[in-house]
$ cat work.pdb   # PDB, C-alpha atoms
ATOM      1  CA  MET A1123     118.592  41.978 -40.651  1.00  0.00           C
ATOM      2  CA  ALA A1124     115.074  41.133 -41.827  1.00  0.00           C
ATOM      3  CA  LEU A1125     113.722  44.206 -40.094  1.00  0.00           C
ATOM      4  CA  ASN A1126     116.299  46.432 -41.819  1.00  0.00           C
ATOM      5  CA  ALA A1127     115.253  45.021 -45.173  1.00  0.00           C
ATOM      6  CA  ALA A1128     111.600  45.688 -44.357  1.00  0.00           C
ATOM      7  CA  ALA A1129     112.382  49.230 -43.402  1.00  0.00           C
ATOM      8  CA  LYS A1130     114.306  49.840 -46.603  1.00  0.00           C
ATOM      9  CA  ILE A1131     111.443  48.510 -48.761  1.00  0.00           C
ATOM     10  CA  CYS A1132     108.446  50.019 -46.953  1.00  0.00           C
ATOM     11  CA  VAL A1133     109.642  53.541 -46.345  1.00  0.00           C
ATOM     12  CA  PRO A1134     110.338  54.585 -49.970  1.00  0.00           C
ATOM     13  CA  THR A1135     107.009  53.291 -51.234  1.00  0.00           C
ATOM     14  CA  VAL A1136     104.924  55.454 -48.855  1.00  0.00           C
ATOM     15  CA  SER A1137     106.679  58.758 -48.167  1.00  0.00           C
ATOM     16  CA  ASN A1138     110.037  60.493 -47.641  1.00  0.00           C
ATOM     17  CA  THR A1139     108.873  62.308 -44.507  1.00  0.00           C
ATOM     18  CA  MET A1140     110.102  61.622 -41.010  1.00  0.00           C
ATOM     19  CA  GLU A1141     106.607  60.503 -39.979  1.00  0.00           C
ATOM     20  CA  THR A1142     106.766  57.560 -42.331  1.00  0.00           C
ATOM     21  CA  VAL A1143     110.325  56.678 -41.326  1.00  0.00           C
ATOM     22  CA  SER A1144     109.350  56.654 -37.668  1.00  0.00           C
ATOM     23  CA  ARG A1145     106.610  53.995 -38.196  1.00  0.00           C
ATOM     24  CA  PRO A1146     107.005  50.902 -36.047  1.00  0.00           C
ATOM     25  CA  GLU A1147     109.044  48.109 -37.477  1.00  0.00           C
ATOM     26  CA  THR A1148     106.178  45.700 -37.075  1.00  0.00           C
ATOM     27  CA  GLU A1149     103.957  47.739 -39.405  1.00  0.00           C
ATOM     28  CA  CYS A1150     106.652  47.780 -42.066  1.00  0.00           C
ATOM     29  CA  LYS A1151     107.193  44.097 -41.577  1.00  0.00           C
ATOM     30  CA  LEU A1152     103.481  43.404 -42.093  1.00  0.00           C
ATOM     31  CA  GLN A1153     103.517  45.513 -45.211  1.00  0.00           C
ATOM     32  CA  PHE A1154     106.540  43.630 -46.440  1.00  0.00           C
ATOM     33  CA  ARG A1155     104.823  40.313 -45.889  1.00  0.00           C
ATOM     34  CA  TYR A1156     101.696  41.538 -47.599  1.00  0.00           C
ATOM     35  CA  HIS A1157     103.555  42.621 -50.699  1.00  0.00           C
ATOM     36  CA  VAL A1158     105.426  39.335 -50.854  1.00  0.00           C
ATOM     37  CA  VAL A1159     102.435  37.023 -50.372  1.00  0.00           C
ATOM     38  CA  ASN A1160      99.776  38.931 -52.349  1.00  0.00           C
ATOM     39  CA  PRO A1161     101.304  38.367 -55.830  1.00  0.00           C
ATOM     40  CA  CYS A1162     101.223  34.629 -55.184  1.00  0.00           C
ATOM     41  CA  LYS A1163      97.502  34.775 -54.376  1.00  0.00           C
ATOM     42  CA  GLU A1164      96.851  36.824 -57.468  1.00  0.00           C
ATOM     43  CA  ALA A1165      98.800  34.367 -59.602  1.00  0.00           C
ATOM     44  CA  LEU A1166      96.927  31.424 -58.100  1.00  0.00           C
ATOM     45  CA  SER A1167      93.555  33.109 -58.738  1.00  0.00           C
ATOM     46  CA  SER A1168      94.573  33.878 -62.303  1.00  0.00           C
ATOM     47  CA  ARG A1169      95.600  30.273 -62.874  1.00  0.00           C
ATOM     48  CA  ARG A1170      92.286  29.033 -61.496  1.00  0.00           C
ATOM     49  CA  LEU A1171      90.397  31.449 -63.722  1.00  0.00           C
ATOM     50  CA  VAL A1172      92.351  30.359 -66.792  1.00  0.00           C
ATOM     51  CA  ILE A1173      91.747  26.664 -65.969  1.00  0.00           C
ATOM     52  CA  ALA A1174      88.037  27.264 -65.436  1.00  0.00           C
ATOM     53  CA  ARG A1175      87.683  29.125 -68.707  1.00  0.00           C
ATOM     54  CA  THR A1176      89.725  26.534 -70.571  1.00  0.00           C
ATOM     55  CA  SER A1177      87.605  23.712 -69.142  1.00  0.00           C
ATOM     56  CA  ALA A1178      84.395  25.487 -70.117  1.00  0.00           C
ATOM     57  CA  SER A1179      85.632  26.069 -73.641  1.00  0.00           C
ATOM     58  CA  LEU A1180      86.779  22.471 -73.961  1.00  0.00           C
ATOM     59  CA  PHE A1181      83.415  21.177 -72.728  1.00  0.00           C
ATOM     60  CA  THR A1182      81.611  23.367 -75.264  1.00  0.00           C
ATOM     61  CA  VAL A1183      83.759  22.106 -78.114  1.00  0.00           C
ATOM     62  CA  LEU A1184      83.367  18.482 -77.102  1.00  0.00           C
ATOM     63  CA  THR A1185      79.638  18.829 -76.658  1.00  0.00           C
ATOM     64  CA  PHE A1186      78.978  20.234 -80.111  1.00  0.00           C
ATOM     65  CA  ASN A1187      81.779  18.656 -82.124  1.00  0.00           C
ATOM     66  CA  CYS A1188      83.021  15.480 -80.477  1.00  0.00           C
ATOM     67  CA  GLY A1189      79.916  13.485 -79.788  1.00  0.00           C
ATOM     68  CA  LEU A1190      79.124  14.102 -76.121  1.00  0.00           C
ATOM     69  CA  THR A1191      75.508  14.506 -77.155  1.00  0.00           C
ATOM     70  CA  PRO A1192      73.359  11.365 -76.720  1.00  0.00           C
ATOM     71  CA  LEU A1193      74.143   8.798 -79.363  1.00  0.00           C
ATOM     72  CA  PRO A1194      71.324   7.250 -81.405  1.00  0.00           C
ATOM     73  CA  VAL A1195      70.021   3.985 -80.043  1.00  0.00           C
ATOM     74  CA  TRP A1196      70.461   1.202 -82.532  1.00  0.00           C
ATOM     75  CA  ALA A1197      67.707  -1.370 -82.783  1.00  0.00           C
ATOM     76  CA  GLU A1198      68.460  -4.766 -81.315  1.00  0.00           C
ATOM     77  CA  PRO A1199      68.527  -7.711 -83.723  1.00  0.00           C
ATOM     78  CA  ASP A1200      65.218  -9.019 -82.370  1.00  0.00           C
ATOM     79  CA  ASP A1201      63.547  -5.650 -82.863  1.00  0.00           C
ATOM     80  CA  GLN A1202      64.918  -5.437 -86.398  1.00  0.00           C
ATOM     81  CA  ASN A1203      63.602  -8.892 -87.204  1.00  0.00           C
ATOM     82  CA  GLN A1204      60.171  -7.978 -85.888  1.00  0.00           C
ATOM     83  CA  ASP A1205      60.137  -4.832 -88.008  1.00  0.00           C
ATOM     84  CA  ASP A1206      61.152  -6.819 -91.091  1.00  0.00           C
ATOM     85  CA  GLN A1207      58.430  -9.367 -90.432  1.00  0.00           C
ATOM     86  CA  ALA A1208      55.867  -6.590 -90.042  1.00  0.00           C
ATOM     87  CA  VAL A1209      56.886  -5.068 -93.369  1.00  0.00           C
ATOM     88  CA  VAL A1210      56.737  -8.444 -95.112  1.00  0.00           C
ATOM     89  CA  GLY A1211      53.332  -9.101 -93.560  1.00  0.00           C
ATOM     90  CA  ALA A1212      52.024  -5.746 -94.771  1.00  0.00           C
ATOM     91  CA  ILE A1213      53.257  -6.441 -98.310  1.00  0.00           C
ATOM     92  CA  LYS A1214      51.671  -9.894 -98.337  1.00  0.00           C
ATOM     93  CA  SER A1215      48.416  -8.442 -97.046  1.00  0.00           C
ATOM     94  CA  LEU A1216      48.463  -5.827 -99.787  1.00  0.00           C
ATOM     95  CA  PHE A1217      48.617  -8.434-102.543  1.00  0.00           C
ATOM     96  CA  ASP A1218      46.447 -10.994-100.810  1.00  0.00           C
ATOM     97  CA  PRO A1219      43.037 -11.205-102.566  1.00  0.00           C
ATOM     98  CA  ASN A1220      41.371 -12.240 -99.320  1.00  0.00           C
ATOM     99  CA  GLU A1221      40.721 -10.471 -96.038  1.00  0.00           C
ATOM    100  CA  LYS A1222      39.721 -11.570 -92.561  1.00  0.00           C
ATOM    101  CA  THR A1223      36.317 -10.256 -91.476  1.00  0.00           C
ATOM    102  CA  LYS A1224      35.169  -9.082 -88.053  1.00  0.00           C
ATOM    103  CA  SER A1225      33.773 -12.555 -87.403  1.00  0.00           C
ATOM    104  CA  GLY A1226      37.149 -14.143 -88.217  1.00  0.00           C
ATOM    105  CA  LYS A1227      36.273 -15.577 -91.628  1.00  0.00           C
ATOM    106  CA  VAL A1228      38.479 -15.081 -94.670  1.00  0.00           C
ATOM    107  CA  LEU A1229      36.566 -13.709 -97.675  1.00  0.00           C
ATOM    108  CA  PRO A1230      37.470 -12.046-100.974  1.00  0.00           C
ATOM    109  CA  LYS A1231      38.434  -8.403-100.567  1.00  0.00           C
ATOM    110  CA  ALA A1232      36.410  -7.459-103.634  1.00  0.00           C
ATOM    111  CA  TYR A1233      33.265  -8.939-102.114  1.00  0.00           C
ATOM    112  CA  LEU A1234      33.809  -7.229 -98.764  1.00  0.00           C
ATOM    113  CA  LYS A1235      34.385  -3.882-100.456  1.00  0.00           C
ATOM    114  CA  SER A1236      31.245  -4.218-102.578  1.00  0.00           C
ATOM    115  CA  ALA A1237      29.082  -5.406 -99.667  1.00  0.00           C
ATOM    116  CA  ARG A1238      30.297  -2.601 -97.387  1.00  0.00           C
ATOM    117  CA  GLU A1239      29.472  -0.071-100.076  1.00  0.00           C
ATOM    118  CA  VAL A1240      25.906  -1.423-100.291  1.00  0.00           C
ATOM    119  CA  VAL A1241      25.490  -1.157 -96.524  1.00  0.00           C
ATOM    120  CA  LYS A1242      26.822   2.404 -96.505  1.00  0.00           C
ATOM    121  CA  THR A1243      24.877   3.849 -99.434  1.00  0.00           C
ATOM    122  CA  LEU A1244      21.590   2.066 -98.747  1.00  0.00           C
ATOM    123  CA  ARG A1245      21.665   3.132 -95.103  1.00  0.00           C
ATOM    124  CA  GLU A1246      22.290   6.752 -96.093  1.00  0.00           C
ATOM    125  CA  SER A1247      19.430   6.604 -98.594  1.00  0.00           C
ATOM    126  CA  LEU A1248      16.973   5.214 -96.041  1.00  0.00           C
ATOM    127  CA  LYS A1249      17.914   7.831 -93.431  1.00  0.00           C
ATOM    128  CA  GLU A1250      17.687  10.759 -95.829  1.00  0.00           C
ATOM    129  CA  ASP A1251      14.658  13.032 -95.540  1.00  0.00           C
ATOM    130  CA  PRO A1252      12.380  12.455 -98.592  1.00  0.00           C
ATOM    131  CA  LYS A1253      11.289  16.097 -98.406  1.00  0.00           C
ATOM    132  CA  ASP A1254      14.769  17.184 -99.447  1.00  0.00           C
ATOM    133  CA  ILE A1255      14.355  15.994-103.020  1.00  0.00           C
ATOM    134  CA  VAL A1256      17.886  16.816-104.204  1.00  0.00           C
ATOM    135  CA  LYS A1257      19.725  14.972-101.407  1.00  0.00           C
ATOM    136  CA  PHE A1258      17.220  12.108-101.389  1.00  0.00           C
ATOM    137  CA  ARG A1259      17.623  11.527-105.120  1.00  0.00           C
ATOM    138  CA  ARG A1260      21.420  11.729-104.909  1.00  0.00           C
ATOM    139  CA  THR A1261      21.645   9.155-102.086  1.00  0.00           C
ATOM    140  CA  ALA A1262      19.067   6.925-103.803  1.00  0.00           C
ATOM    141  CA  ASP A1263      21.095   6.927-107.014  1.00  0.00           C
ATOM    142  CA  SER A1264      24.265   6.001-105.114  1.00  0.00           C
ATOM    143  CA  ALA A1265      22.430   3.115-103.421  1.00  0.00           C
ATOM    144  CA  LYS A1266      21.068   1.852-106.757  1.00  0.00           C
ATOM    145  CA  GLU A1267      24.539   1.930-108.303  1.00  0.00           C
ATOM    146  CA  SER A1268      26.172   0.023-105.444  1.00  0.00           C
ATOM    147  CA  ILE A1269      23.371  -2.587-105.388  1.00  0.00           C
ATOM    148  CA  ARG A1270      23.635  -3.078-109.156  1.00  0.00           C
ATOM    149  CA  ASP A1271      27.404  -3.553-108.940  1.00  0.00           C
ATOM    150  CA  TYR A1272      27.061  -5.951-105.988  1.00  0.00           C
ATOM    151  CA  LEU A1273      24.444  -8.168-107.670  1.00  0.00           C
ATOM    152  CA  SER A1274      26.248  -8.282-111.017  1.00  0.00           C
ATOM    153  CA  ASN A1275      29.437  -9.563-109.427  1.00  0.00           C
ATOM    154  CA  TRP A1276      28.341 -11.645-106.436  1.00  0.00           C
ATOM    155  CA  LYS A1277      24.793 -12.870-106.906  1.00  0.00           C
ATOM    156  CA  GLY A1278      24.774 -16.653-106.519  1.00  0.00           C
ATOM    157  CA  GLN A1279      28.558 -16.908-106.144  1.00  0.00           C
ATOM    158  CA  ASP A1280      29.488 -20.086-104.245  1.00  0.00           C
ATOM    159  CA  LYS A1281      32.344 -18.320-102.447  1.00  0.00           C
ATOM    160  CA  VAL A1282      29.965 -16.056-100.539  1.00  0.00           C
ATOM    161  CA  ALA A1283      26.393 -17.301-101.084  1.00  0.00           C
ATOM    162  CA  ARG A1284      26.299 -19.065 -97.719  1.00  0.00           C
ATOM    163  CA  GLU A1285      27.862 -16.236 -95.727  1.00  0.00           C
ATOM    164  CA  GLU A1286      25.683 -14.457 -93.188  1.00  0.00           C
ATOM    165  CA  SER A1287      26.542 -11.054 -94.647  1.00  0.00           C
ATOM    166  CA  TYR A1288      25.372 -12.198 -98.073  1.00  0.00           C
ATOM    167  CA  VAL A1289      22.116 -13.630 -96.667  1.00  0.00           C
ATOM    168  CA  GLN A1290      21.300 -10.416 -94.773  1.00  0.00           C
ATOM    169  CA  LEU A1291      22.078  -8.160 -97.727  1.00  0.00           C
ATOM    170  CA  GLU A1292      19.948 -10.290-100.026  1.00  0.00           C
ATOM    171  CA  LYS A1293      17.108 -10.073 -97.521  1.00  0.00           C
ATOM    172  CA  ALA A1294      17.352  -6.264 -97.343  1.00  0.00           C
ATOM    173  CA  ILE A1295      17.484  -5.885-101.129  1.00  0.00           C
ATOM    174  CA  ARG A1296      14.533  -8.232-101.639  1.00  0.00           C
ATOM    175  CA  SER A1297      12.411  -6.317 -99.101  1.00  0.00           C
ATOM    176  CA  LEU A1298      13.158  -3.025-100.823  1.00  0.00           C
ATOM    177  CA  ALA A1299      12.496  -4.406-104.322  1.00  0.00           C
ATOM    178  CA  SER A1300       9.311  -6.131-103.236  1.00  0.00           C
ATOM    179  CA  PHE A1301       7.832  -2.950-101.769  1.00  0.00           C
ATOM    180  CA  TYR A1302       8.578  -0.745-104.787  1.00  0.00           C
ATOM    181  CA  SER A1303       7.356  -3.361-107.251  1.00  0.00           C
ATOM    182  CA  LYS A1304       3.963  -3.305-105.515  1.00  0.00           C
ATOM    183  CA  ALA A1305       3.665   0.334-104.405  1.00  0.00           C
ATOM    184  CA  GLY A1306       5.457   1.983-107.300  1.00  0.00           C
ATOM    185  CA  PRO A1307       8.921   3.609-107.564  1.00  0.00           C
ATOM    186  CA  SER A1308       7.785   6.955-106.109  1.00  0.00           C
ATOM    187  CA  ALA A1309       5.873   5.561-103.101  1.00  0.00           C
ATOM    188  CA  PRO A1310       7.141   6.600 -99.639  1.00  0.00           C
ATOM    189  CA  LEU A1311       8.733   3.746 -97.734  1.00  0.00           C
ATOM    190  CA  PRO A1312       6.847   2.872 -94.508  1.00  0.00           C
ATOM    191  CA  GLU A1313       8.810   3.177 -91.265  1.00  0.00           C
ATOM    192  CA  GLU A1314       8.229  -0.481 -90.451  1.00  0.00           C
ATOM    193  CA  ILE A1315       9.870  -1.724 -93.647  1.00  0.00           C
ATOM    194  CA  LYS A1316      12.592   0.906 -93.365  1.00  0.00           C
ATOM    195  CA  ASN A1317      13.513  -0.249 -89.847  1.00  0.00           C
ATOM    196  CA  GLU A1318      13.558  -3.914 -90.939  1.00  0.00           C
ATOM    197  CA  ILE A1319      15.954  -3.115 -93.761  1.00  0.00           C
ATOM    198  CA  LEU A1320      18.182  -1.048 -91.455  1.00  0.00           C
ATOM    199  CA  ASN A1321      18.337  -3.956 -89.007  1.00  0.00           C
ATOM    200  CA  ASP A1322      19.310  -6.313 -91.821  1.00  0.00           C
ATOM    201  CA  LEU A1323      22.085  -3.918 -92.858  1.00  0.00           C
ATOM    202  CA  THR A1324      23.403  -3.734 -89.297  1.00  0.00           C
ATOM    203  CA  THR A1325      23.477  -7.530 -89.027  1.00  0.00           C
ATOM    204  CA  ALA A1326      25.273  -7.840 -92.364  1.00  0.00           C
ATOM    205  CA  GLU A1327      27.854  -5.258 -91.296  1.00  0.00           C
ATOM    206  CA  GLU A1328      28.748  -7.336 -88.232  1.00  0.00           C
ATOM    207  CA  PHE A1329      29.962 -10.123 -90.517  1.00  0.00           C
ATOM    208  CA  LEU A1330      31.928  -7.945 -92.920  1.00  0.00           C
TER
END
$ encode --input "work.pdb" --output "structure tokens"
Amino acid sequence: MALNAAAKICVPTVSNTMETVSRPETECKLQFRYHVVNPCKEALSSRRLVIARTSASLFTVLTFNCGLTPLPVWAEPDDQNQDDQAVVGAIKSLFDPNEKTKSGKVLPKAYLKSAREVVKTLRESLKEDPKDIVKFRRTADSAKESIRDYLSNWKGQDKVAREESYVQLEKAIRSLASFYSKAGPSAPLPEEIKNEILNDLTTAEEFL
């Protein structure tokens, strides 16, 4: 009975000729089985394709809209406390009138700023080529201004008078003033005196 059903289904779909009717029953049976099973495979493949596409779309939506991207790392309480302490320390340092030097001593910020400016400008003036009159005069004027400001504010001050930086700067300024008072304001500074003053400036800088 199954073979008769196969024959009835297979023959009309191929041809009405006697050659098609006379095909073996096994061939028609195979064709019958093929046509019965194949739609199931196609349906299964379609379902898999739909599931795959749906999963991909869902993953895309979740990734961009539902927070599958890496979440921000919140600071631990200890880290937050350390940050707060650092901020408080920076604020206190900003309003603190004193500052710790390279040698570890705590001195007035105003003094350190003034002394560092003397070291900077006087060193530049001594290293400038006297033949370049414009640059030499400009650096010399800057050095005079910084020295004048330094002496007017800190000369003989008990807070700093015994500091090594103060002693070395006073020594350098005295050497320079002593030479020009004897040789005249336009006399060229000898290399020996220039090197001594530069050494004094370097020593003073180490304590600022």
$ atom_distance --input "work.pdb" --atom1 "CA of Glu1328 (chain A)" --atom2 "CA of Leu1298 (chain A)"
20.5 Å
$ atom_distance --input "work.pdb" --atom1 "CA of Thr1325 (chain A)" --atom2 "CA of Glu1267 (chain A)"
21.5 Å
$ atom_distance --input "work.pdb" --atom1 "CA of Gln1290 (chain A)" --atom2 "CA of Val1240 (chain A)"
11.5 Å
$ closest_residue --input "work.pdb" --among "A:Val1241, A:Ala1305, A:Val1256, A:Val1282" --to "Asp1322 (chain A)" --atoms "all atoms listed in the file"
A:Val1241
$ residues_around --input "work.pdb" --residues "Lys1266 (chain A)" --least-positions-apart "6" --cutoff "12 Å" --atoms "all atoms listed in the file" --output "PDB file with C-alpha atoms, in the frame of the given file"
ATOM      1  CA  GLU A1239      29.472  -0.071-100.076  1.00  0.00           C
ATOM      2  CA  VAL A1240      25.906  -1.423-100.291  1.00  0.00           C
ATOM      3  CA  VAL A1241      25.490  -1.157 -96.524  1.00  0.00           C
ATOM      4  CA  LYS A1242      26.822   2.404 -96.505  1.00  0.00           C
ATOM      5  CA  THR A1243      24.877   3.849 -99.434  1.00  0.00           C
ATOM      6  CA  LEU A1244      21.590   2.066 -98.747  1.00  0.00           C
ATOM      7  CA  ARG A1245      21.665   3.132 -95.103  1.00  0.00           C
ATOM      8  CA  GLU A1246      22.290   6.752 -96.093  1.00  0.00           C
ATOM      9  CA  SER A1247      19.430   6.604 -98.594  1.00  0.00           C
ATOM     10  CA  LEU A1248      16.973   5.214 -96.041  1.00  0.00           C
ATOM     11  CA  ARG A1259      17.623  11.527-105.120  1.00  0.00           C
ATOM     12  CA  ARG A1260      21.420  11.729-104.909  1.00  0.00           C
ATOM     13  CA  TYR A1272      27.061  -5.951-105.988  1.00  0.00           C
ATOM     14  CA  LEU A1273      24.444  -8.168-107.670  1.00  0.00           C
ATOM     15  CA  ILE A1295      17.484  -5.885-101.129  1.00  0.00           C
ATOM     16  CA  LEU A1298      13.158  -3.025-100.823  1.00  0.00           C
ATOM     17  CA  ALA A1299      12.496  -4.406-104.322  1.00  0.00           C
TER      18      ALA A1299
END
$ residues_around --input "work.pdb" --residues "Ser1287 (chain A)" --least-positions-apart "5" --cutoff "9 Å" --atoms "only C-alpha atoms" --output "PDB file with C-alpha atoms, in the coordinates of the input"
ATOM      1  CA  ALA A1237      29.082  -5.406 -99.667  1.00  0.00           C
ATOM      2  CA  VAL A1282      29.965 -16.056-100.539  1.00  0.00           C
ATOM      3  CA  GLU A1292      19.948 -10.290-100.026  1.00  0.00           C
ATOM      4  CA  LEU A1323      22.085  -3.918 -92.858  1.00  0.00           C
ATOM      5  CA  THR A1325      23.477  -7.530 -89.027  1.00  0.00           C
ATOM      6  CA  ALA A1326      25.273  -7.840 -92.364  1.00  0.00           C
ATOM      7  CA  GLU A1327      27.854  -5.258 -91.296  1.00  0.00           C
ATOM      8  CA  GLU A1328      28.748  -7.336 -88.232  1.00  0.00           C
ATOM      9  CA  PHE A1329      29.962 -10.123 -90.517  1.00  0.00           C
ATOM     10  CA  LEU A1330      31.928  -7.945 -92.920  1.00  0.00           C
TER      11      LEU A1330
END
$ resolve_selection --input "work.pdb" --expression "the PyMOL selection byres ((chain A and resi 1223) around 12)" --output "ChimeraX atom specification"
/A:1220-1222,1224-1231,1233-1235,1237-1238,1285-1287,1326-1330
$ closest_residue --input "work.pdb" --among "A:Trp1276, A:Ala1262, A:Pro1307, A:Pro1252" --to "Tyr1288 (chain A)" --atoms "all atoms listed in the file"
A:Trp1276
